[in-house]
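Asks: Structure provided below as structure tokens; questions to follow.
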Amino acid sequence: MEQKRQLYSRTATGERIRRRRKLLGLSRKELAGRVGKAEKYCADIERGYCGMSLETMIGLAECLGMSLDYLILGKDGEERINREVERIWFLVKDCDERKRKKAMELLKVYLNE
């Protein structure tokens with residue numbers, strides 16, 4: 001039995017990148033800086049106007065906490081991570097700015113250990 005092969009779509013990949021960037025509260029400029037690329041290039045990727053090198057894909061996946069399978073093909077292995085990120089968001093979204101900043105500081109300390 002022949003398996004159906006998923007195809008790479010620059011538009012779909014760009015949309016996944018944009019959604020995750022926004023979910024994480026990153027500006028396009030912040031994302032571009034983290035992966036060492038120009039902001040316009042990142043905008044073009046998100047719009048599906050251009051492809052990207054494997055190195056760029058790896059950098060984006062790491063920065064956005066995505067697997068390459070999900071970034072490139074949208075495979076569902078990321079659903080659990082998406083739900084966890086959403087739960088964190090719902091815990092802090094109604095907090096005042098001071099509490100959100102403190103929560104981010106604590107989360108960064110915890111994740112860097």
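Following the order of the structure tokens, chains are lettered A, B, ..., residues in each are numbered from 1, and ligands are numbered from 1.
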With only C-alpha atoms as the counted atoms, please give the residues lying no more than 8 Å from A:Leu60, apart from itself and same-chain residues fewer than 3 positions off, as a VMD selection string.
Replies: chain A and resid 17 35 56 to 57 63 to 64
Asks: Could you please take those selected residues and save N, CA, C and O atoms as an mmCIF file, in the first residue's frame?
Replies:
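Contents of the output file selection-v6.cif:
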```cif
data_model
loop_
_atom_site.group_PDB
_atom_site.id
_atom_site.type_symbol
_atom_site.label_atom_id
_atom_site.label_comp_id
_atom_site.auth_asym_id
_atom_site.auth_seq_id
_atom_site.Cartn_x
_atom_site.Cartn_y
_atom_site.Cartn_z
ATOM 1 N N ILE A 17 4.372 29.703 11.343
ATOM 2 C CA ILE A 17 5.379 30.545 11.985
ATOM 3 C C ILE A 17 4.723 31.800 12.556
ATOM 4 O O ILE A 17 4.955 32.176 13.713
ATOM 5 N N VAL A 35 16.881 34.980 15.234
ATOM 6 C CA VAL A 35 17.378 34.011 14.243
ATOM 7 C C VAL A 35 18.442 34.621 13.330
ATOM 8 O O VAL A 35 18.930 33.955 12.422
ATOM 9 N N THR A 56 17.972 28.220 8.496
ATOM 10 C CA THR A 56 16.936 29.164 8.929
ATOM 11 C C THR A 56 15.756 28.410 9.523
ATOM 12 O O THR A 56 15.209 28.813 10.546
ATOM 13 N N MET A 57 15.361 27.312 8.896
ATOM 14 C CA MET A 57 14.259 26.502 9.429
ATOM 15 C C MET A 57 14.585 26.009 10.838
ATOM 16 O O MET A 57 13.738 26.074 11.733
ATOM 17 N N CYS A 63 13.672 28.648 18.039
ATOM 18 C CA CYS A 63 13.209 29.894 18.647
ATOM 19 C C CYS A 63 11.722 29.826 19.015
ATOM 20 O O CYS A 63 11.310 30.338 20.039
ATOM 21 N N LEU A 64 10.942 29.173 18.175
ATOM 22 C CA LEU A 64 9.493 29.116 18.374
ATOM 23 C C LEU A 64 9.031 27.864 19.102
ATOM 24 O O LEU A 64 7.841 27.685 19.335
#
```
Asks: Can you tell me which residues surround stretch 38-52 of chain A at a distance of at most 6 Å, considering only C-alpha atoms, apart from same-chain residues fewer than 4 positions away, and format the answer as a PyMOL selection string?
Replies: chain A and resi 10-11+14-15+18+29+32
